[in-house]
>>> print(open('work.pdb').read())   # PDB, C-alpha atoms
ATOM      1  CA  MET A 918       2.309 -40.264  -1.693
ATOM      2  CA  LYS A 919       0.347 -38.318  -4.269
ATOM      3  CA  GLN A 920      -0.304 -34.721  -3.302
ATOM      4  CA  ARG A 921      -3.949 -33.776  -2.916
ATOM      5  CA  PRO A 922      -5.217 -30.387  -4.120
ATOM      6  CA  LEU A 923      -6.686 -28.025  -1.548
ATOM      7  CA  PRO A 924     -10.487 -27.820  -1.308
ATOM      8  CA  ARG A 925     -10.452 -24.132  -2.214
ATOM      9  CA  THR A 926      -8.211 -21.954  -4.336
ATOM     10  CA  VAL A 927      -7.931 -18.192  -4.820
ATOM     11  CA  THR A 928      -6.962 -16.277  -7.933
ATOM     12  CA  PRO A 929      -3.717 -14.296  -7.572
ATOM     13  CA  LEU A 930      -3.991 -10.548  -8.050
ATOM     14  CA  ALA A 931      -1.805  -8.513 -10.371
ATOM     15  CA  ASP A 932       1.558  -7.776  -8.688
ATOM     16  CA  GLU A 933       0.621  -9.889  -5.655
ATOM     17  CA  LEU A 934       3.405 -11.356  -3.537
ATOM     18  CA  LEU A 935       3.552 -15.094  -2.985
ATOM     19  CA  SER A 936       3.517 -14.653   0.800
ATOM     20  CA  GLY A 937       0.324 -12.600   0.603
ATOM     21  CA  TRP A 938      -1.348 -15.019  -1.782
ATOM     22  CA  LEU A 939      -0.455 -17.988   0.445
ATOM     23  CA  THR A 940      -1.976 -16.141   3.386
ATOM     24  CA  ARG A 941      -5.213 -15.620   1.462
ATOM     25  CA  LEU A 942      -5.102 -19.246   0.320
ATOM     26  CA  ALA A 943      -4.740 -20.412   3.925
ATOM     27  CA  VAL A 944      -7.672 -18.262   5.047
ATOM     28  CA  ALA A 945      -9.824 -19.643   2.233
ATOM     29  CA  ASN A 946      -9.031 -23.159   3.450
ATOM     30  CA  HIS A 947      -9.548 -22.326   7.137
ATOM     31  CA  CYS A 948      -5.989 -23.005   8.270
ATOM     32  CA  GLU A 949      -2.764 -21.251   9.226
ATOM     33  CA  VAL A 950      -0.005 -20.622   6.682
ATOM     34  CA  ASP A 951       2.322 -23.058   8.489
ATOM     35  CA  GLU A 952      -0.336 -25.754   8.259
ATOM     36  CA  LEU A 953      -0.836 -24.965   4.589
ATOM     37  CA  LEU A 954       2.893 -25.286   3.868
ATOM     38  CA  ALA A 955       3.048 -28.552   5.811
ATOM     39  CA  HIS A 956       0.182 -29.945   3.720
ATOM     40  CA  ILE A 957       1.896 -28.862   0.514
ATOM     41  CA  GLY A 958       5.178 -30.395   1.637
ATOM     42  CA  VAL A 959       7.233 -27.225   1.688
ATOM     43  CA  ASP A 960       9.934 -26.881   4.335
ATOM     44  CA  LYS A 961       8.747 -24.876   7.312
ATOM     45  CA  ARG A 962      10.388 -21.486   7.216
ATOM     46  CA  GLN A 963       9.335 -17.875   7.286
ATOM     47  CA  VAL A 964       6.798 -17.543   4.503
ATOM     48  CA  ALA A 965       8.200 -14.175   3.419
ATOM     49  CA  MET A 966      11.449 -15.885   2.362
ATOM     50  CA  LEU A 967       9.531 -17.668  -0.384
ATOM     51  CA  ASP A 968       9.022 -14.320  -2.109
ATOM     52  CA  PHE A 969      12.666 -14.401  -3.164
ATOM     53  CA  GLU A 970      13.427 -18.131  -3.292
ATOM     54  CA  VAL A 971      10.717 -19.888  -5.267
ATOM     55  CA  GLU A 972      12.042 -18.708  -8.604
ATOM     56  CA  VAL A 973      15.149 -20.844  -8.087
ATOM     57  CA  ALA A 974      13.222 -23.732  -6.548
ATOM     58  CA  ALA A 975      11.026 -25.072  -9.335
ATOM     59  CA  THR A 976      10.015 -28.102  -7.263
ATOM     60  CA  THR A 977       8.577 -25.815  -4.589
ATOM     61  CA  ALA A 978       6.597 -23.874  -7.180
ATOM     62  CA  GLU A 979       5.284 -27.140  -8.615
ATOM     63  CA  LYS A 980       4.134 -28.393  -5.208
ATOM     64  CA  ILE A 981       2.282 -25.146  -4.546
ATOM     65  CA  SER A 982       0.753 -25.131  -8.023
ATOM     66  CA  ILE A 983      -0.631 -28.665  -7.636
ATOM     67  CA  ALA A 984      -2.146 -27.901  -4.241
ATOM     68  CA  ALA A 985      -3.671 -24.602  -5.356
ATOM     69  CA  ARG A 986      -4.633 -25.786  -8.844
ATOM     70  CA  VAL A 987      -2.782 -23.007 -10.663
ATOM     71  CA  ALA A 988       0.088 -23.114 -13.144
ATOM     72  CA  ALA A 989       3.625 -23.321 -11.755
ATOM     73  CA  GLU A 990       4.473 -20.303 -13.899
ATOM     74  CA  THR A 991       1.775 -18.360 -12.066
ATOM     75  CA  VAL A 992       3.323 -19.256  -8.713
ATOM     76  CA  GLN A 993       6.761 -18.160  -9.879
ATOM     77  CA  SER A 994       5.344 -14.896 -11.209
ATOM     78  CA  LEU A 995       4.383 -14.017  -7.626
ATOM     79  CA  THR A 996       8.036 -13.904  -6.566
ATOM     80  CA  PHE A 997      10.611 -11.218  -7.224
ATOM     81  CA  GLY A 998      12.333 -12.087 -10.464
ATOM     82  CA  ALA A 999      15.856 -11.222 -11.486
ATOM     83  CA  MET A1000      16.718  -7.695 -10.389
ATOM     84  CA  THR A1001      19.584  -5.356 -11.110
ATOM     85  CA  GLN A1002      21.867  -4.484  -8.210
ATOM     86  CA  THR A1003      20.107  -1.140  -7.852
ATOM     87  CA  GLU A1004      16.632  -2.689  -7.902
ATOM     88  CA  ALA A1005      17.703  -5.188  -5.252
ATOM     89  CA  LEU A1006      19.032  -2.356  -3.087
ATOM     90  CA  MET A1007      15.740  -0.494  -3.480
ATOM     91  CA  THR A1008      13.614  -3.546  -2.589
ATOM     92  CA  ALA A1009      12.993  -4.335   1.075
ATOM     93  CA  GLN A1010      13.711  -7.922   2.117
ATOM     94  CA  VAL A1011      10.833  -7.850   4.591
ATOM     95  CA  ALA A1012       7.577  -5.933   4.644
ATOM     96  CA  PHE A1013       7.893  -2.454   6.129
ATOM     97  CA  GLN A1014       4.703  -0.801   4.905
ATOM     98  CA  SER A1015       1.268  -1.783   3.690
ATOM     99  CA  CYS A1016      -2.057  -0.404   2.579
ATOM    100  CA  PRO A1017      -4.278  -0.078   5.671
ATOM    101  CA  ASP A1018      -7.328  -0.966   3.587
ATOM    102  CA  CYS A1019      -6.121  -3.776   1.306
ATOM    103  CA  SER A1020      -4.009  -5.479   3.977
ATOM    104  CA  ARG A1021      -7.182  -6.169   5.964
ATOM    105  CA  ARG A1022      -8.093  -8.560   3.154
ATOM    106  CA  GLY A1023      -4.735 -10.315   3.413
ATOM    107  CA  ILE A1024      -3.358  -8.667   0.282
ATOM    108  CA  ALA A1025       0.379  -7.967  -0.040
ATOM    109  CA  LEU A1026       1.834  -6.521  -3.238
ATOM    110  CA  LYS A1027       5.364  -6.478  -4.614
ATOM    111  CA  GLN A1028       5.038  -2.735  -5.080
ATOM    112  CA  TRP A1029       4.796  -2.194  -1.329
ATOM    113  CA  ARG A1030       8.361  -3.536  -0.903
ATOM    114  CA  LYS A1031       9.833  -0.912  -3.233
ATOM    115  CA  LEU A1032      11.474   1.888  -1.268
ATOM    116  CA  TRP A1033       9.836   4.488  -3.504
ATOM    117  CA  ALA A1034       6.323   3.010  -3.161
ATOM    118  CA  PHE A1035       3.994   5.623  -1.736
ATOM    119  CA  ASP A1036       0.375   4.882  -2.642
ATOM    120  CA  CYS A1037      -1.416   1.553  -3.038
ATOM    121  CA  GLN A1038      -1.786   0.712  -6.715
ATOM    122  CA  ILE A1039      -5.096  -1.036  -6.030
ATOM    123  CA  CYS A1040      -7.044   1.578  -4.074
ATOM    124  CA  GLY A1041      -4.769   4.638  -4.040
ATOM    125  CA  THR A1042      -4.522   4.832  -0.238
ATOM    126  CA  ARG A1043      -1.183   6.062   1.117
ATOM    127  CA  LEU A1044       0.973   3.204   2.368
ATOM    128  CA  LEU A1045       1.750   3.250   6.092
ATOM    129  CA  SER A1046       4.413   1.685   8.288
ATOM    130  CA  ILE A1047       3.458  -1.714   9.689
ATOM    131  CA  LEU A1048       5.786  -1.302  12.675
ATOM    132  CA  ILE A1049       4.590   2.006  14.070
ATOM    133  CA  LYS A1050       1.025   3.244  14.079
ATOM    134  CA  ALA A1051       1.215   6.571  12.326
ATOM    135  CA  ASP A1052      -0.445   9.637  13.774
ATOM    136  CA  ARG A1053      -1.562  11.235  10.531
ATOM    137  CA  SER A1054      -2.491  14.441  12.283
ATOM    138  CA  ARG A1055       1.188  15.052  13.090
ATOM    139  CA  ILE A1056       2.356  14.664   9.477
ATOM    140  CA  SER A1057       1.985  17.858   7.468
ATOM    141  CA  GLU A1058       0.311  17.664   4.076
ATOM    142  CA  LYS A1059       3.168  19.705   2.646
ATOM    143  CA  LEU A1060       5.664  17.022   3.699
ATOM    144  CA  VAL A1061       3.429  14.298   2.254
ATOM    145  CA  ARG A1062       3.170  16.119  -1.089
ATOM    146  CA  ARG A1063       6.924  16.641  -1.289
ATOM    147  CA  ALA A1064       7.601  13.032  -0.306
ATOM    148  CA  ARG A1065       5.189  11.748  -2.952
ATOM    149  CA  SER A1066       6.990  13.846  -5.557
ATOM    150  CA  GLY A1067      10.370  12.612  -4.346
ATOM    151  CA  ALA A1068       9.156   9.014  -4.453
ATOM    152  CA  GLY A1069       8.228   9.498  -8.097
ATOM    153  CA  LEU A1070      11.678  10.865  -8.896
ATOM    154  CA  LEU A1071      13.352   7.945  -7.123
ATOM    155  CA  GLU A1072      11.190   5.439  -8.992
ATOM    156  CA  ASN A1073      12.054   7.083 -12.295
ATOM    157  CA  ALA A1074      15.757   7.047 -11.444
ATOM    158  CA  VAL A1075      15.728   3.337 -10.610
ATOM    159  CA  THR A1076      13.452   2.092 -13.384
ATOM    160  CA  SER A1077      15.202   4.164 -16.069
ATOM    161  CA  ASN A1078      18.546   2.767 -14.877
ATOM    162  CA  CYS A1079      20.020   6.254 -15.218
ATOM    163  CA  ALA A1080      23.147   6.553 -13.073
ATOM    164  CA  ASN A1081      23.027  10.350 -12.905
ATOM    165  CA  LYS A1082      19.374  10.469 -11.826
ATOM    166  CA  LEU A1083      19.947   7.762  -9.240
ATOM    167  CA  ARG A1084      23.026   9.508  -7.891
ATOM    168  CA  ARG A1085      21.087  12.763  -7.480
ATOM    169  CA  ALA A1086      18.145  11.016  -5.820
ATOM    170  CA  LEU A1087      20.321   9.119  -3.350
ATOM    171  CA  ARG A1088      22.432  12.194  -2.632
ATOM    172  CA  ALA A1089      19.288  14.118  -1.700
ATOM    173  CA  ALA A1090      18.079  11.242   0.494
ATOM    174  CA  THR A1091      21.477  10.964   2.169
ATOM    175  CA  TYR A1092      21.507  14.692   2.915
ATOM    176  CA  ALA A1093      17.984  14.522   4.344
ATOM    177  CA  LYS A1094      18.987  11.521   6.448
ATOM    178  CA  ALA A1095      21.879  13.493   7.912
ATOM    179  CA  LEU A1096      19.551  16.354   8.839
ATOM    180  CA  LYS A1097      17.418  13.843  10.741
ATOM    181  CA  SER A1098      20.540  12.482  12.489
ATOM    182  CA  VAL A1099      19.896   8.981  11.165
ATOM    183  CA  ARG A1100      23.084   6.922  11.257
ATOM    184  CA  ALA A1101      21.820   3.948   9.260
ATOM    185  CA  ASP A1102      22.456   3.710   5.528
ATOM    186  CA  THR A1103      20.216   5.518   3.068
ATOM    187  CA  ALA A1104      18.287   2.423   1.986
ATOM    188  CA  PHE A1105      17.361   1.743   5.610
ATOM    189  CA  ALA A1106      16.288   5.354   6.129
ATOM    190  CA  LEU A1107      13.963   5.071   3.130
ATOM    191  CA  GLN A1108      12.169   2.178   4.844
ATOM    192  CA  SER A1109      12.341   3.641   8.325
ATOM    193  CA  PRO A1110       9.374   2.764  10.555
ATOM    194  CA  ARG A1111       9.352   6.412  11.622
ATOM    195  CA  PRO A1112       7.069   8.185   9.129
ATOM    196  CA  ASP A1113       8.786  11.535   9.647
ATOM    197  CA  VAL A1114      12.179  10.058   8.684
ATOM    198  CA  ARG A1115      10.976   8.148   5.622
ATOM    199  CA  LEU A1116       8.904  11.039   4.283
ATOM    200  CA  PHE A1117      11.690  13.561   4.897
ATOM    201  CA  CYS A1118      14.244  11.375   3.100
ATOM    202  CA  LEU A1119      11.955  10.943   0.099
TER     203      LEU A1119
END
>>> encode(input="work.pdb", output="structure tokens")
Amino acid sequence: MKQRPLPRTVTPLADELLSGWLTRLAVANHCEVDELLAHIGVDKRQVAMLDFEVEVAATTAEKISIAARVAAETVQSLTFGAMTQTEALMTAQVAFQSCPDCSRRGIALKQWRKLWAFDCQICGTRLLSILIKADRSRISEKLVRRARSGAGLLENAVTSNCANKLRRALRAATYAKALKSVRADTAFALQSPRPDVRLFCL
């Protein structure tokens, strides 16, 4: 049976995640994401998993591209491409933070999954945990400033692929984690739903 394109399509944003774009596509076509995937002919599974899997499943990308009337290459560009071991470690498998403003419009960016991500690259708003409603009044501006600086250093260490910089950044985060009595590994602490823990570790 020939696949029929959806009545409406939406243009992907720069750095947008496939899961977020599919959510916006579903809203534009007045349906749920599960219904959208069923129409496209994609196996029903958690939509977030597609962010990592479509690149190796060209047939899935093609099905989505036909339905949404965009190039298959565009669909694949919305997934996480090949990453180094360090980049993979510093990329959350599931969403742990979002922009309180942009997320209301169904937007989800790749940047938000990076453990060093601090501010939304679209509007500049500070990213917040999606699991715990943050009480901003209880977070000191001094801690926020230091965390933002630390996030920049961590990003530089990872993107420059400098072993010494990365070692220093992770050592500092590990020490901060210990002071907060967090037993989980450092990568988990950096995506902790508790704002005080994440900011302190950064």
>>> closest_residue(input="work.pdb", among="A:Leu1048, A:Ala1034, A:Leu1070, A:Val1099", to="Lys1082 of chain A", atoms="all atoms listed in the file")
A:Leu1070
>>> resolve_selection(input="work.pdb", expression="the PyMOL selection byres ((chain A and resi 1119) around 8)", output="number ranges by chain")
A: 1033, 1063-1065, 1067-1068, 1071, 1090, 1107, 1115-1118
>>> write_last_selection(input="work.pdb", atoms="C-alpha atoms", output="mmCIF file, in the frame of the given file")
data_model
loop_
_atom_site.group_PDB
_atom_site.id
_atom_site.type_symbol
_atom_site.label_atom_id
_atom_site.label_comp_id
_atom_site.auth_asym_id
_atom_site.auth_seq_id
_atom_site.Cartn_x
_atom_site.Cartn_y
_atom_site.Cartn_z
ATOM 1 C CA TRP A 1033 9.836 4.488 -3.504
ATOM 2 C CA ARG A 1063 6.924 16.641 -1.289
ATOM 3 C CA ALA A 1064 7.601 13.032 -0.306
ATOM 4 C CA ARG A 1065 5.189 11.748 -2.952
ATOM 5 C CA GLY A 1067 10.370 12.612 -4.346
ATOM 6 C CA ALA A 1068 9.156 9.014 -4.453
ATOM 7 C CA LEU A 1071 13.352 7.945 -7.123
ATOM 8 C CA ALA A 1090 18.079 11.242 0.494
ATOM 9 C CA LEU A 1107 13.963 5.071 3.130
ATOM 10 C CA ARG A 1115 10.976 8.148 5.622
ATOM 11 C CA LEU A 1116 8.904 11.039 4.283
ATOM 12 C CA PHE A 1117 11.690 13.561 4.897
ATOM 13 C CA CYS A 1118 14.244 11.375 3.100
#
>>> resolve_selection(input="work.pdb", expression="the PyMOL selection byres ((chain A and resi 1013) around 9)", output="list in words")
Ala1009, Gln1010, Val1011, Ala1012, Gln1014, Ser1015, Trp1029, Arg1030, Leu1045, Ser1046, Ile1047, Leu1048, Gln1108, Ser1109 and Pro1110 of chain A
>>> write_last_selection(input="work.pdb", atoms="C-alpha atoms", output="CSV table (one decimal), in the coordinates of the input")
chain,number,residue,atom,x,y,z
A,1009,ALA,CA,13.0,-4.3,1.1
A,1010,GLN,CA,13.7,-7.9,2.1
A,1011,VAL,CA,10.8,-7.8,4.6
A,1012,ALA,CA,7.6,-5.9,4.6
A,1014,GLN,CA,4.7,-0.8,4.9
A,1015,SER,CA,1.3,-1.8,3.7
A,1029,TRP,CA,4.8,-2.2,-1.3
A,1030,ARG,CA,8.4,-3.5,-0.9
A,1045,LEU,CA,1.8,3.2,6.1
A,1046,SER,CA,4.4,1.7,8.3
A,1047,ILE,CA,3.5,-1.7,9.7
A,1048,LEU,CA,5.8,-1.3,12.7
A,1108,GLN,CA,12.2,2.2,4.8
A,1109,SER,CA,12.3,3.6,8.3
A,1110,PRO,CA,9.4,2.8,10.6
>>> resolve_selection(input="work.pdb", expression="the PyMOL selection byres ((chain A and resi 947-952) around 12)", output="PyMOL selection string")
chain A and resi 923-926+935-946+953-965+1023
>>> atom_distance(input="work.pdb", atom1="atom CA of Glu1004 of chain A", atom2="atom CA of Asn1081 of chain A")
15.4 Å
>>> closest_residue(input="work.pdb", among="A:Gly1069, A:Pro922, A:Gly998, A:Pro1112", to="Ile983 of chain A", atoms="all atoms listed in the file")
A:Pro922
>>> closest_residue(input="work.pdb", among="A:Ala1106, A:Thr1003, A:Ala1093, A:Thr977", to="Asn1078 of chain A", atoms="all atoms listed in the file")
A:Thr1003
>>> atom_distance(input="work.pdb", atom1="atom CA of Pro929 of chain A", atom2="atom CA of Val987 of chain A")
9.3 Å
>>> residues_near_point(input="work.pdb", point="(-4.4, 3.7, 0.8)", cutoff="12 Å", atoms="only C-alpha atoms", output="NGL selection string")
:A and (1014-1021 or 1029 or 1034-1046)
>>> axis_aligned_box(input="work.pdb", around="segment 1032-1048 of chain A", padding_each_side="3 Å", output="JSON")
{"center_x": 2.2, "center_y": 2.2, "center_z": 3.0, "size_x": 24.5, "size_y": 13.8, "size_z": 25.4}
>>> atom_distance(input="work.pdb", atom1="atom CA of Thr928 of chain A", atom2="atom CA of Thr1001 of chain A")
28.9 Å
>>> build_atoms(input="work.pdb", residues="segment 1004-1034 of chain A", atoms="N, CA and C atoms", output="compact mmCIF listing (two decimals), in the frame of the given file")
# COMPACT_ATOMS: atom_id res chain seq x y z
N GLU A 1004 17.99 -2.28 -8.25
CA GLU A 1004 16.63 -2.69 -7.90
C GLU A 1004 16.62 -3.51 -6.62
N ALA A 1005 17.61 -4.38 -6.47
CA ALA A 1005 17.70 -5.19 -5.25
C ALA A 1005 17.92 -4.31 -4.03
N LEU A 1006 18.76 -3.28 -4.19
CA LEU A 1006 19.03 -2.36 -3.09
C LEU A 1006 17.78 -1.58 -2.71
N MET A 1007 16.95 -1.29 -3.70
CA MET A 1007 15.74 -0.49 -3.48
C MET A 1007 14.50 -1.35 -3.20
N THR A 1008 14.72 -2.63 -2.91
CA THR A 1008 13.61 -3.55 -2.59
C THR A 1008 13.82 -4.11 -1.19
N ALA A 1009 12.88 -3.87 -0.31
CA ALA A 1009 12.99 -4.34 1.08
C ALA A 1009 12.88 -5.86 1.14
N GLN A 1010 13.73 -6.47 1.95
CA GLN A 1010 13.71 -7.92 2.12
C GLN A 1010 12.49 -8.38 2.91
N VAL A 1011 12.03 -7.54 3.80
CA VAL A 1011 10.83 -7.85 4.59
C VAL A 1011 9.85 -6.69 4.48
N ALA A 1012 8.61 -6.97 4.75
CA ALA A 1012 7.58 -5.93 4.64
C ALA A 1012 7.83 -4.83 5.66
N PHE A 1013 7.73 -3.58 5.21
CA PHE A 1013 7.89 -2.45 6.13
C PHE A 1013 6.72 -1.49 6.05
N GLN A 1014 5.88 -1.65 5.04
CA GLN A 1014 4.70 -0.80 4.90
C GLN A 1014 3.60 -1.59 4.21
N SER A 1015 2.39 -1.11 4.34
CA SER A 1015 1.27 -1.78 3.69
C SER A 1015 0.13 -0.79 3.52
N CYS A 1016 -0.85 -1.21 2.75
CA CYS A 1016 -2.06 -0.40 2.58
C CYS A 1016 -3.00 -0.75 3.73
N PRO A 1017 -3.41 0.22 4.53
CA PRO A 1017 -4.28 -0.08 5.67
C PRO A 1017 -5.62 -0.68 5.27
N ASP A 1018 -6.04 -0.43 4.04
CA ASP A 1018 -7.33 -0.97 3.59
C ASP A 1018 -7.17 -2.36 2.97
N CYS A 1019 -6.28 -2.49 2.01
CA CYS A 1019 -6.12 -3.78 1.31
C CYS A 1019 -5.51 -4.86 2.19
N SER A 1020 -4.65 -4.47 3.12
CA SER A 1020 -4.01 -5.48 3.98
C SER A 1020 -5.01 -6.17 4.89
N ARG A 1021 -6.14 -5.53 5.15
CA ARG A 1021 -7.18 -6.17 5.96
C ARG A 1021 -7.75 -7.39 5.26
N ARG A 1022 -7.61 -7.42 3.94
CA ARG A 1022 -8.09 -8.56 3.15
C ARG A 1022 -6.98 -9.57 2.88
N GLY A 1023 -5.84 -9.38 3.56
CA GLY A 1023 -4.74 -10.32 3.41
C GLY A 1023 -3.88 -10.08 2.18
N ILE A 1024 -4.10 -8.96 1.51
CA ILE A 1024 -3.36 -8.67 0.28
C ILE A 1024 -1.98 -8.10 0.61
N ALA A 1025 -0.98 -8.52 -0.14
CA ALA A 1025 0.38 -7.97 -0.04
C ALA A 1025 0.94 -7.90 -1.45
N LEU A 1026 1.35 -6.72 -1.87
CA LEU A 1026 1.83 -6.52 -3.24
C LEU A 1026 3.35 -6.34 -3.28
N LYS A 1027 3.93 -6.70 -4.41
CA LYS A 1027 5.36 -6.48 -4.61
C LYS A 1027 5.69 -4.99 -4.51
N GLN A 1028 4.81 -4.18 -5.06
CA GLN A 1028 5.04 -2.74 -5.08
C GLN A 1028 5.31 -2.18 -3.69
N TRP A 1029 4.65 -2.73 -2.68
CA TRP A 1029 4.80 -2.19 -1.33
C TRP A 1029 6.21 -2.37 -0.79
N ARG A 1030 6.99 -3.30 -1.35
CA ARG A 1030 8.36 -3.54 -0.90
C ARG A 1030 9.36 -2.55 -1.53
N LYS A 1031 8.94 -1.86 -2.58
CA LYS A 1031 9.83 -0.91 -3.23
C LYS A 1031 9.99 0.32 -2.34
N LEU A 1032 11.22 0.79 -2.19
CA LEU A 1032 11.47 1.89 -1.27
C LEU A 1032 10.84 3.19 -1.73
N TRP A 1033 10.49 3.28 -3.01
CA TRP A 1033 9.84 4.49 -3.50
C TRP A 1033 8.31 4.38 -3.45
N ALA A 1034 7.78 3.20 -3.16
CA ALA A 1034 6.32 3.01 -3.16
C ALA A 1034 5.66 3.95 -2.15
